[in-house]
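Coordinates from work_9.csv are shown below (CSV, C-alpha atoms).
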```csv
chain,number,residue,atom,x,y,z
A,998,MET,CA,-65.6,114.8,-84.5
A,999,ILE,CA,-66.1,114.5,-80.8
A,1000,ARG,CA,-65.2,117.7,-78.8
A,1001,PHE,CA,-65.3,118.1,-75.0
A,1002,ASN,CA,-65.0,121.6,-73.7
A,1003,SER,CA,-62.5,122.1,-70.9
A,1004,ARG,CA,-65.2,122.6,-68.2
A,1005,LEU,CA,-67.2,119.5,-69.2
A,1006,ARG,CA,-63.9,117.5,-69.4
A,1007,LYS,CA,-63.3,118.3,-65.7
A,1008,TYR,CA,-66.8,117.3,-64.8
A,1009,LEU,CA,-66.5,113.9,-66.6
A,1010,ALA,CA,-63.1,113.3,-65.0
A,1011,ALA,CA,-64.4,114.0,-61.5
A,1012,ALA,CA,-67.5,111.8,-62.1
A,1013,LEU,CA,-65.2,109.0,-63.3
A,1014,VAL,CA,-63.1,109.2,-60.1
A,1015,LEU,CA,-66.3,109.0,-58.0
A,1016,LEU,CA,-67.7,106.0,-60.0
A,1017,LEU,CA,-64.5,104.0,-59.7
A,1018,GLY,CA,-63.6,104.9,-56.2
A,1019,SER,CA,-65.1,103.8,-52.9
A,1020,CYS,CA,-66.6,107.2,-52.0
A,1021,VAL,CA,-70.5,107.1,-52.0
A,1022,ASP,CA,-71.0,110.9,-51.9
A,1023,LYS,CA,-73.4,112.1,-54.6
A,1024,PHE,CA,-71.6,114.0,-57.4
A,1025,GLU,CA,-73.5,117.1,-58.5
A,1026,PRO,CA,-71.7,119.2,-61.1
A,1027,GLU,CA,-72.5,122.8,-61.7
A,1028,VAL,CA,-75.1,123.6,-64.3
A,1029,LEU,CA,-73.4,124.7,-67.6
A,1030,ASP,CA,-73.7,128.4,-68.2
A,1031,ALA,CA,-74.5,128.1,-71.9
A,1032,PRO,CA,-78.1,126.9,-72.4
A,1033,GLN,CA,-78.6,124.0,-74.8
A,1034,ASN,CA,-81.7,124.2,-76.9
A,1035,TYR,CA,-80.6,122.3,-80.0
A,1036,LEU,CA,-82.9,120.8,-82.5
A,1037,VAL,CA,-83.4,117.0,-82.2
A,1038,VAL,CA,-84.6,115.2,-85.4
A,1039,ASP,CA,-85.8,111.7,-84.6
A,1040,GLY,CA,-86.9,109.4,-87.5
A,1041,PHE,CA,-85.9,108.1,-90.9
A,1042,ILE,CA,-87.3,108.2,-94.4
A,1043,ASN,CA,-89.3,105.0,-94.9
A,1044,LEU,CA,-89.2,103.8,-98.5
A,1045,SER,CA,-92.2,101.5,-98.1
A,1046,GLY,CA,-94.7,103.1,-95.8
A,1047,PRO,CA,-95.5,106.3,-93.8
A,1048,THR,CA,-92.4,108.3,-92.7
A,1049,THR,CA,-92.7,109.6,-89.1
A,1050,ILE,CA,-90.4,112.4,-87.9
A,1051,ARG,CA,-90.4,113.8,-84.3
A,1052,LEU,CA,-88.9,117.2,-83.8
A,1053,SER,CA,-88.0,118.5,-80.3
A,1054,ARG,CA,-85.3,120.5,-78.5
A,1055,THR,CA,-82.7,119.4,-76.0
A,1056,LYS,CA,-83.2,120.5,-72.4
A,1057,ASN,CA,-80.8,121.6,-69.7
A,1058,GLU,CA,-82.5,119.8,-66.8
A,1059,ALA,CA,-82.7,116.0,-66.9
A,1060,ASN,CA,-86.2,115.9,-65.3
A,1061,ALA,CA,-87.7,118.7,-67.3
A,1062,PRO,CA,-90.3,117.8,-70.0
A,1063,VAL,CA,-89.1,117.5,-73.6
A,1064,PRO,CA,-89.9,120.7,-75.5
A,1065,VAL,CA,-91.4,119.7,-78.9
A,1066,GLU,CA,-90.9,121.7,-82.1
A,1067,ALA,CA,-94.4,122.3,-83.2
A,1068,ALA,CA,-95.9,124.0,-86.3
A,1069,ALA,CA,-92.9,123.2,-88.6
A,1070,VAL,CA,-93.1,122.4,-92.3
A,1071,VAL,CA,-91.4,119.0,-92.9
A,1072,THR,CA,-90.8,117.6,-96.4
A,1073,ILE,CA,-89.0,114.7,-98.0
A,1074,LEU,CA,-87.0,115.6,-101.2
A,1075,ASP,CA,-85.4,113.3,-103.7
A,1076,ASP,CA,-82.5,113.9,-106.1
A,1077,ALA,CA,-85.0,114.2,-109.0
A,1078,GLY,CA,-86.9,117.1,-107.5
A,1079,ALA,CA,-89.9,115.3,-106.1
A,1080,ALA,CA,-91.3,116.4,-102.7
A,1081,TYR,CA,-93.5,114.7,-100.2
A,1082,LEU,CA,-95.1,116.6,-97.3
A,1083,LEU,CA,-95.3,115.3,-93.7
A,1084,PRO,CA,-98.3,117.0,-92.1
A,1085,GLU,CA,-98.2,117.5,-88.3
A,1086,GLN,CA,-100.2,114.8,-86.6
A,1087,GLN,CA,-99.7,116.2,-83.1
A,1088,PRO,CA,-97.4,118.8,-81.7
A,1089,GLY,CA,-93.9,117.9,-82.8
A,1090,THR,CA,-94.8,114.7,-84.7
A,1091,TYR,CA,-95.0,114.8,-88.5
A,1092,GLN,CA,-96.1,111.9,-90.7
A,1093,SER,CA,-96.4,111.4,-94.4
A,1094,ALA,CA,-99.0,109.3,-96.2
A,1095,PRO,CA,-97.9,105.7,-97.0
A,1096,LEU,CA,-95.2,106.0,-99.6
A,1097,SER,CA,-93.5,103.7,-102.1
A,1098,LEU,CA,-90.2,105.3,-102.8
A,1099,SER,CA,-87.7,104.0,-105.4
A,1100,SER,CA,-84.3,102.8,-104.0
A,1101,ASP,CA,-82.7,104.2,-107.2
A,1102,HIS,CA,-82.9,107.7,-105.8
A,1103,ARG,CA,-81.2,109.5,-102.9
A,1104,TYR,CA,-83.3,111.4,-100.3
A,1105,ARG,CA,-83.1,114.2,-97.8
A,1106,LEU,CA,-85.4,115.9,-95.3
A,1107,ARG,CA,-86.1,119.6,-95.2
A,1108,ILE,CA,-87.5,121.4,-92.1
A,1109,ARG,CA,-88.7,124.9,-91.8
A,1110,THR,CA,-89.6,125.8,-88.2
A,1111,ALA,CA,-92.3,128.2,-87.1
A,1112,SER,CA,-89.6,130.8,-86.3
A,1113,GLY,CA,-88.4,130.6,-89.9
A,1114,GLN,CA,-85.2,128.6,-89.4
A,1115,GLU,CA,-84.5,126.2,-92.2
A,1116,TYR,CA,-82.7,122.8,-91.8
A,1117,GLU,CA,-81.8,120.1,-94.3
A,1118,SER,CA,-80.3,116.6,-94.0
A,1119,ASP,CA,-77.6,115.4,-96.4
A,1120,LEU,CA,-78.7,113.4,-99.4
A,1121,VAL,CA,-78.4,109.7,-98.5
A,1122,ALA,CA,-78.6,106.6,-100.5
A,1123,ALA,CA,-81.6,104.4,-100.1
A,1124,ARG,CA,-81.1,101.1,-98.3
A,1125,GLN,CA,-83.0,97.8,-98.8
A,1126,THR,CA,-83.3,96.1,-95.4
A,1127,PRO,CA,-83.1,92.3,-95.6
A,1128,PRO,CA,-85.8,90.2,-93.9
A,1129,ILE,CA,-85.4,89.1,-90.3
A,1130,ASP,CA,-84.7,85.4,-90.2
A,1131,GLN,CA,-85.8,84.7,-86.7
A,1132,VAL,CA,-86.8,86.2,-83.4
A,1133,SER,CA,-86.2,83.6,-80.7
A,1134,TRP,CA,-85.9,83.3,-76.9
A,1135,GLU,CA,-84.4,81.2,-74.2
A,1136,LEU,CA,-84.9,80.9,-70.5
A,1137,ASN,CA,-81.7,81.5,-68.4
A,1138,ASN,CA,-80.9,82.2,-64.8
A,1139,ARG,CA,-81.7,85.9,-65.3
A,1140,GLY,CA,-85.0,85.6,-67.1
A,1141,VAL,CA,-86.1,85.4,-70.7
A,1142,GLN,CA,-83.5,86.5,-73.2
A,1143,ILE,CA,-84.8,87.5,-76.7
A,1144,TYR,CA,-82.6,87.3,-79.7
A,1145,VAL,CA,-82.7,88.4,-83.4
A,1146,SER,CA,-81.1,86.8,-86.4
A,1147,THR,CA,-80.7,88.0,-89.9
A,1148,HIS,CA,-78.5,87.8,-93.0
A,1149,ASP,CA,-77.8,89.3,-96.4
A,1150,ASP,CA,-76.7,86.9,-99.1
A,1151,ALA,CA,-75.3,89.8,-101.1
A,1152,ASN,CA,-73.1,90.9,-98.2
A,1153,ALA,CA,-74.3,94.4,-98.8
A,1154,THR,CA,-76.0,95.5,-95.6
A,1155,ARG,CA,-73.4,95.0,-92.8
A,1156,TYR,CA,-74.9,97.6,-90.4
A,1157,TYR,CA,-78.2,97.0,-88.6
A,1158,ARG,CA,-80.4,98.8,-86.1
A,1159,TRP,CA,-83.4,97.3,-84.3
A,1160,ARG,CA,-86.4,98.7,-82.4
A,1161,TYR,CA,-89.3,96.8,-80.9
A,1162,GLU,CA,-92.8,97.2,-79.6
A,1163,GLU,CA,-93.9,95.1,-76.6
A,1164,THR,CA,-97.5,94.1,-75.8
A,1165,TRP,CA,-98.7,91.9,-72.9
A,1166,LEU,CA,-101.9,90.7,-71.5
A,1167,PHE,CA,-102.5,91.2,-67.7
A,1168,HIS,CA,-105.3,91.4,-65.3
A,1169,SER,CA,-106.1,93.6,-62.3
A,1170,ALA,CA,-106.0,92.4,-58.6
A,1171,TYR,CA,-109.8,92.0,-58.3
A,1172,GLN,CA,-112.5,91.3,-60.8
A,1173,SER,CA,-115.4,93.6,-60.6
A,1174,GLY,CA,-118.9,92.6,-61.8
A,1175,LEU,CA,-120.6,95.7,-60.5
A,1176,GLU,CA,-120.6,99.5,-61.0
A,1177,TYR,CA,-122.1,102.3,-59.1
A,1178,VAL,CA,-123.8,104.7,-61.5
A,1179,ASP,CA,-125.9,107.7,-60.5
A,1180,GLY,CA,-126.6,106.3,-57.0
A,1181,VAL,CA,-127.6,102.9,-58.3
A,1182,MET,CA,-125.6,99.7,-58.0
A,1183,GLN,CA,-125.8,97.6,-61.3
A,1184,ASN,CA,-124.1,94.9,-63.2
A,1185,ARG,CA,-121.0,96.1,-64.9
A,1186,GLN,CA,-121.4,96.6,-68.7
A,1187,GLU,CA,-117.7,96.3,-69.6
A,1188,SER,CA,-115.1,94.0,-68.1
A,1189,ILE,CA,-112.2,95.9,-66.6
A,1190,TYR,CA,-110.3,92.8,-65.4
A,1191,TYR,CA,-108.2,91.9,-68.5
A,1192,CYS,CA,-106.2,94.5,-70.3
A,1193,TRP,CA,-103.3,94.8,-72.7
A,1194,GLY,CA,-100.2,96.9,-71.9
A,1195,SER,CA,-97.8,98.2,-74.5
A,1196,GLU,CA,-94.4,99.8,-74.5
A,1197,ASN,CA,-91.8,100.8,-77.2
A,1198,SER,CA,-88.1,100.3,-76.9
A,1199,THR,CA,-85.9,103.1,-75.8
A,1200,ALA,CA,-82.5,101.5,-75.8
A,1201,ILE,CA,-80.4,101.8,-79.0
A,1202,GLN,CA,-79.8,98.3,-80.4
A,1203,LEU,CA,-77.2,98.0,-83.1
A,1204,GLY,CA,-75.4,95.2,-84.9
A,1205,SER,CA,-72.5,95.0,-87.4
A,1206,THR,CA,-71.0,92.3,-89.5
A,1207,SER,CA,-68.3,94.6,-91.0
A,1208,ARG,CA,-65.5,92.5,-89.6
A,1209,LEU,CA,-67.0,89.1,-90.7
A,1210,SER,CA,-66.6,87.3,-94.0
A,1211,GLN,CA,-70.3,86.7,-94.2
A,1212,ASP,CA,-73.1,89.2,-93.6
A,1213,VAL,CA,-74.8,87.0,-91.0
A,1214,VAL,CA,-76.2,88.0,-87.6
A,1215,THR,CA,-76.9,85.0,-85.4
A,1216,ASP,CA,-78.8,85.4,-82.1
A,1217,ALA,CA,-78.0,89.0,-81.4
A,1218,PRO,CA,-79.2,89.8,-77.8
A,1219,LEU,CA,-82.1,92.2,-78.1
A,1220,ARG,CA,-84.2,92.2,-74.9
A,1221,LEU,CA,-83.9,90.6,-71.5
A,1222,LEU,CA,-87.1,90.2,-69.5
A,1223,GLU,CA,-86.3,89.7,-65.8
A,1224,SER,CA,-87.4,86.4,-64.4
A,1225,ASN,CA,-90.2,88.2,-62.4
A,1226,SER,CA,-91.3,90.5,-65.1
A,1227,LEU,CA,-95.0,91.3,-65.0
A,1228,LYS,CA,-95.1,91.2,-68.8
A,1229,LEU,CA,-94.6,87.5,-68.8
A,1230,GLY,CA,-97.5,86.8,-66.4
A,1231,ILE,CA,-100.1,85.6,-69.0
A,1232,LYS,CA,-99.0,86.2,-72.6
A,1233,TYR,CA,-96.3,88.5,-74.1
A,1234,SER,CA,-95.6,89.6,-77.7
A,1235,ILE,CA,-92.7,91.5,-79.2
A,1236,LEU,CA,-92.7,93.1,-82.7
A,1237,VAL,CA,-89.1,93.6,-83.9
A,1238,LYS,CA,-88.3,96.1,-86.6
A,1239,GLN,CA,-85.1,96.0,-88.5
A,1240,TYR,CA,-83.3,98.8,-90.4
A,1241,ALA,CA,-80.3,98.8,-92.7
A,1242,LEU,CA,-77.8,101.5,-92.0
A,1243,THR,CA,-74.9,103.1,-93.9
A,1244,ALA,CA,-71.5,103.1,-92.2
A,1245,GLU,CA,-71.9,106.8,-91.4
A,1246,GLU,CA,-75.3,106.3,-89.9
A,1247,PHE,CA,-74.1,103.4,-87.8
A,1248,ALA,CA,-71.3,105.5,-86.4
A,1249,TYR,CA,-73.7,108.2,-85.4
A,1250,TRP,CA,-76.0,105.8,-83.6
A,1251,GLU,CA,-73.0,104.2,-81.9
A,1252,LYS,CA,-71.9,107.5,-80.5
A,1253,LEU,CA,-75.4,108.3,-79.4
A,1254,LYS,CA,-75.7,104.9,-77.7
A,1255,LYS,CA,-72.5,105.6,-75.7
A,1256,ASN,CA,-73.7,109.1,-74.7
A,1257,THR,CA,-77.2,108.1,-73.6
A,1258,GLU,CA,-76.1,105.0,-71.8
A,1259,SER,CA,-73.6,106.9,-69.7
A,1260,LEU,CA,-75.3,110.2,-69.0
A,1261,GLY,CA,-79.0,110.1,-69.7
A,1262,GLY,CA,-81.5,110.3,-72.6
A,1263,LEU,CA,-81.4,111.6,-76.1
A,1264,PHE,CA,-82.9,115.0,-75.0
A,1265,ASP,CA,-80.6,115.5,-72.0
A,1266,PRO,CA,-77.4,117.6,-72.2
A,1267,GLN,CA,-74.9,115.6,-74.2
A,1268,PRO,CA,-71.2,115.0,-73.1
A,1269,THR,CA,-70.1,115.4,-76.7
A,1270,GLN,CA,-71.0,117.7,-79.5
A,1271,LEU,CA,-72.9,115.0,-81.2
A,1272,THR,CA,-74.0,116.0,-84.7
A,1273,GLY,CA,-75.5,113.9,-87.5
A,1274,ASN,CA,-76.3,114.8,-91.0
A,1275,VAL,CA,-78.9,117.6,-90.4
A,1276,HIS,CA,-77.7,121.2,-90.7
A,1277,ASN,CA,-79.0,124.7,-90.3
A,1278,LEU,CA,-78.9,126.2,-93.7
A,1279,ALA,CA,-78.1,129.7,-92.4
A,1280,ASP,CA,-75.7,128.7,-89.6
A,1281,ALA,CA,-73.6,125.5,-90.3
A,1282,SER,CA,-72.0,125.8,-86.9
A,1283,GLU,CA,-75.3,125.2,-85.0
A,1284,PRO,CA,-75.3,121.7,-83.5
A,1285,VAL,CA,-78.3,119.6,-84.6
A,1286,ILE,CA,-78.9,116.2,-83.2
A,1287,GLY,CA,-80.2,113.6,-85.6
A,1288,TYR,CA,-79.3,111.4,-88.5
A,1289,VAL,CA,-81.9,111.0,-91.2
A,1290,GLY,CA,-81.4,107.8,-93.3
A,1291,ALA,CA,-83.5,106.2,-95.9
A,1292,ALA,CA,-84.4,102.5,-95.9
A,1293,THR,CA,-87.1,99.9,-96.0
A,1294,VAL,CA,-88.2,98.2,-92.8
A,1295,THR,CA,-88.6,94.5,-92.1
A,1296,GLU,CA,-90.5,93.1,-89.1
A,1297,LYS,CA,-91.2,89.9,-87.3
A,1298,ARG,CA,-93.4,89.1,-84.3
A,1299,LEU,CA,-92.9,86.7,-81.5
A,1300,PHE,CA,-95.4,85.4,-78.8
A,1301,ILE,CA,-94.5,83.9,-75.5
A,1302,ASP,CA,-97.2,82.2,-73.4
A,1303,ARG,CA,-96.9,81.7,-69.7
A,1304,THR,CA,-97.4,78.0,-70.1
A,1305,GLU,CA,-94.1,77.8,-72.1
A,1306,LEU,CA,-92.1,79.0,-69.2
A,1307,GLY,CA,-92.7,76.2,-66.7
A,1308,SER,CA,-93.6,76.6,-63.1
A,1309,ILE,CA,-90.3,77.9,-61.6
A,1310,LEU,CA,-90.7,81.6,-62.3
A,1311,ARG,CA,-92.8,83.7,-60.0
A,1312,PHE,CA,-94.0,86.8,-61.9
A,1313,LYS,CA,-94.9,90.2,-60.4
A,1314,THR,CA,-98.4,91.3,-61.1
A,1315,GLY,CA,-98.0,95.0,-60.5
A,1316,TYR,CA,-100.7,94.8,-57.8
A,1317,GLU,CA,-98.6,93.6,-54.9
A,1318,ASP,CA,-99.5,96.7,-52.8
A,1319,CYS,CA,-103.3,96.0,-53.1
A,1320,GLY,CA,-104.8,95.1,-49.8
A,1321,ASN,CA,-107.8,92.9,-49.0
A,1322,PRO,CA,-111.2,94.3,-50.1
A,1323,ASP,CA,-113.1,96.6,-47.8
A,1324,THR,CA,-116.5,95.5,-46.4
A,1325,VAL,CA,-119.1,98.2,-47.2
A,1326,LEU,CA,-122.5,97.8,-45.5
A,1327,LEU,CA,-125.6,99.0,-47.4
A,1328,ALA,CA,-125.9,102.1,-45.3
A,1329,ASP,CA,-122.4,103.2,-46.3
A,1330,VAL,CA,-122.7,102.5,-50.0
A,1331,PRO,CA,-123.5,106.1,-51.1
A,1332,SER,CA,-120.6,107.7,-49.2
A,1333,TYR,CA,-118.1,105.0,-50.2
A,1334,PHE,CA,-118.8,104.3,-53.8
A,1335,SER,CA,-119.7,107.9,-54.8
A,1336,ARG,CA,-115.9,108.4,-54.9
A,1337,PRO,CA,-114.6,107.4,-58.4
A,1338,SER,CA,-111.3,106.3,-56.7
A,1339,LEU,CA,-113.2,103.4,-55.1
A,1340,LEU,CA,-115.0,100.6,-57.0
A,1341,PRO,CA,-117.3,97.8,-56.0
A,1342,ILE,CA,-116.3,94.2,-56.5
A,1343,GLU,CA,-119.1,91.9,-55.5
A,1344,GLY,CA,-122.1,91.7,-53.2
A,1345,ILE,CA,-122.0,90.3,-49.6
A,1346,TYR,CA,-124.8,88.0,-48.7
A,1347,VAL,CA,-125.9,86.5,-45.4
A,1348,ALA,CA,-128.6,83.8,-45.6
A,1349,ARG,CA,-129.2,84.9,-49.2
A,1350,THR,CA,-129.8,88.5,-48.0
A,1351,LEU,CA,-127.7,91.3,-49.5
A,1352,ILE,CA,-126.0,93.2,-46.6
A,1353,GLY,CA,-123.4,95.1,-48.5
A,1354,TYR,CA,-120.5,95.0,-51.0
A,1355,THR,CA,-116.8,94.5,-51.1
A,1356,GLY,CA,-114.8,97.4,-52.5
A,1357,ASN,CA,-111.2,98.4,-53.3
A,1358,PRO,CA,-109.3,101.3,-54.8
A,1359,ALA,CA,-109.8,101.7,-58.6
A,1360,VAL,CA,-106.0,101.2,-59.1
A,1361,CYS,CA,-106.5,97.6,-57.9
A,1362,VAL,CA,-109.7,96.9,-59.8
A,1363,ASP,CA,-109.7,98.9,-63.1
A,1364,CYS,CA,-107.0,97.5,-65.4
A,1365,ARG,CA,-107.6,100.4,-67.8
A,1366,LEU,CA,-105.5,102.6,-65.5
A,1367,ARG,CA,-102.5,100.6,-66.7
A,1368,GLY,CA,-103.6,99.5,-70.2
A,1369,THR,CA,-106.5,99.1,-72.6
A,1370,THR,CA,-109.4,96.6,-72.8
A,1371,VAL,CA,-109.3,96.9,-76.6
A,1372,LYS,CA,-107.8,93.7,-78.0
A,1373,PRO,CA,-105.0,94.4,-80.5
A,1374,ASP,CA,-105.7,93.3,-84.1
A,1375,PHE,CA,-102.7,90.9,-84.1
A,1376,TRP,CA,-103.6,89.2,-80.8
A,1377,PRO,CA,-104.6,85.5,-81.3
```

Please, can you express the file's structure as structure tokens?
Amino acid sequence: MIRFNSRLRKYLAAALVLLLGSCVDKFEPEVLDAPQNYLVVDGFINLSGPTTIRLSRTKNEANAPVPVEAAAVVTILDDAGAAYLLPEQQPGTYQSAPLSLSSDHRYRLRIRTASGQEYESDLVAARQTPPIDQVSWELNNRGVQIYVSTHDDANATRYYRWRYEETWLFHSAYQSGLEYVDGVMQNRQESIYYCWGSENSTAIQLGSTSRLSQDVVTDAPLRLLESNSLKLGIKYSILVKQYALTAEEFAYWEKLKKNTESLGGLFDPQPTQLTGNVHNLADASEPVIGYVGAATVTEKRLFIDRTELGSILRFKTGYEDCGNPDTVLLADVPSYFSRPSLLPIEGIYVARTLIGYTGNPAVCVDCRLRGTTVKPDFWP
């Protein structure tokens, strides 16, 4: 049940008046007296692969770093008594070995924190996620709209959630063929011109066919890339992951979507007492944010090449602020290029005689500051 305390209700009402009115004064509510340091459980039980669970705490200040819940013991339990440990991979992130769990069982998550607090999620039925039929795109007046389509012939899924991983190829403003190492200018051993960037989705993407006669999702909008997006400059890829949800799990994500889209992120103070299916075994009244479901995952990848988009779009590069290269005469080379923030680009010759080099800040030359030169395994 959603509960607003009286003080927060006043804040939200005042904020709504300001948003709908013509006043442009900034609304700054008082900080709530009661600190919020609730456990956040982010993840699900993967029936057909490694399960990853991230544990953290809510925070009172929107710009404060997210406090992770480290050194916990996290375990998957099934209704037959089997247990599967999720070792901590890095502070606050716990991952099991690849598992193949039967959909005939029900599952829950058990958490024991370093302070001795114990939490458990409710037993949930395992869900088989249908395949993704298609990930498609179209060019419109706003940019590139990406869609996802799926269906379940048995009409048994009805509730869906999607996440995605984006990868794109880009290059820096200037291509450097030289490097200054230990006082010596030499040919660069590794190209730092082309790199791959990557980013995971943060928005909550949901779909439901509960009001339809057939369990069919056709062209659900998933991601809009603005017409000048730097991700589209050379080649772009998106890996879409699909999850089947129960009705209760869908309702939880729907509430969380409304909260985060209106007032901030998952770890920020929430406008409702949003609780899922995870509980403190010693104190059932303690709010815990998170819903742990159990399902298989289906995936599909899409590539978009710049050549498919025509010549109308003008993409950003991310290097618009980079100026023209500096001219560095030979006498100034040690003082200029001894600074790691400045990199050589190419030699300057007059009548075939080297007189100096061009140089520019590393942020304009070294693409590794924004990505990696390691080509992904899936890249063609």

Between A:Leu1219, A:Ile1143, A:Ala1079, A:Ala1291, which has the minimum distance to Gln1125 in chain A (counting all atoms listed in the file)? A:Ala1291

So which one's closest to Leu1340 in chain A, A:Glu1196, A:Glu1176, A:Asp1374, A:Asp1302? Using only C-alpha atoms, please. A:Glu1176

Out of A:Gly1320, A:Gly1046, A:Pro1064, A:Pro1337, which residue has the shortest atom-to-atom distance to Leu1098 in chain A when counting all atoms listed in the file?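 Among the listed residues, A:Gly1046 lies closest to Leu1098 in chain A.
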
Proximity to Ser1198 in chain A - best of A:Trp1165, A:Trp1159, A:Phe1247, A:Tyr1177, only C-alpha atoms: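 Of A:Trp1165, A:Trp1159, A:Phe1247, A:Tyr1177, the one nearest Ser1198 in chain A, counting only C-alpha atoms, is A:Trp1159.
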
How many Å separate CA of Asn1043 in chain A from CA of Gln1239 in chain A?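 Computing it gives 11.8 Å between the two atoms.
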
Quick check, in Å to one decimal: how far apart do CA of Glu1305 in chain A and CA of Leu1236 in chain A lie?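 Separating CA of Glu1305 in chain A from CA of Leu1236 in chain A is a distance of 18.7 Å.
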
A:His1102, A:His1168, A:Arg1298, A:Arg1160 ranked by distance to Lys1228 in chain A, top pick (using only C-alpha atoms):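 Checking each candidate against Lys1228 in chain A, we get A:His1168 as the closest.
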
Nearest to Thr1164 in chain A by atom-to-atom distance, counting all atoms listed in the file, from A:Asn1197, A:Asn1152, A:Asn1060, A:Thr1370: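 The answer is A:Asn1197, which sits nearest to Thr1164 in chain A.
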
Neighbours of Gly1204 in chain A within 7 Å (all atoms listed in the file; same-chain residues fewer than 4 positions away dropped), as a PyMOL selection string? chain A and resi 1156-1158

Set the distance at 8 Å and use all atoms listed in the file: which residues neighbour range 1326-1333 of chain A once local chain neighbours fewer than 4 positions away are removed? I'd like the list as JSON, numbers by chain. {"A": [1180, 1339, 1352, 1353, 1354]}

Residues of the last selection are to be written out with C-alpha atoms, as an mmCIF file, keeping the file's coordinate frame.
```
data_model
loop_
_atom_site.group_PDB
_atom_site.id
_atom_site.type_symbol
_atom_site.label_atom_id
_atom_site.label_comp_id
_atom_site.auth_asym_id
_atom_site.auth_seq_id
_atom_site.Cartn_x
_atom_site.Cartn_y
_atom_site.Cartn_z
ATOM 1 C CA GLY A 1180 -126.600 106.300 -57.000
ATOM 2 C CA LEU A 1339 -113.200 103.400 -55.100
ATOM 3 C CA ILE A 1352 -126.000 93.200 -46.600
ATOM 4 C CA GLY A 1353 -123.400 95.100 -48.500
ATOM 5 C CA TYR A 1354 -120.500 95.000 -51.000
#
```

Please report the interatomic distance between CA of Gln1092 in chain A and CA of Ser1234 in chain A in Å with one decimal.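 Straight-line distance from CA of Gln1092 in chain A to CA of Ser1234 in chain A works out to 25.8 Å.
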
Using only C-alpha atoms, determine which residues lie at most 8 Å from Tyr1171 in chain A, disregarding the query and same-chain residues fewer than 4 positions distant; provide the list as a ChimeraX atom specification. /A:1190,1342,1361-1362

If we count all atoms listed in the file and set the cut-off at 9 Å, which residues sit around Leu1229 in chain A, ignoring sequence neighbours fewer than 5 positions away in its own chain? Please answer as a VMD selection string. chain A and resid 1141 1165 to 1167 1222 1224 1301 to 1303 1306 1312 to 1313

Can you pull out every residue within 12 Å of Ser1173 in chain A, counting only C-alpha atoms, but drop anything in the same chain fewer than 6 positions away, and send it as a list in words? Gln1183, Asn1184, Arg1185, Gln1186, Glu1187, Ser1188, Ile1189, Tyr1190, Tyr1191, Pro1322, Leu1339, Leu1340, Pro1341, Ile1342, Glu1343, Gly1344, Tyr1354, Thr1355, Gly1356, Asn1357, Pro1358, Ala1359, Cys1361, Val1362, Asp1363 and Cys1364 of chain A
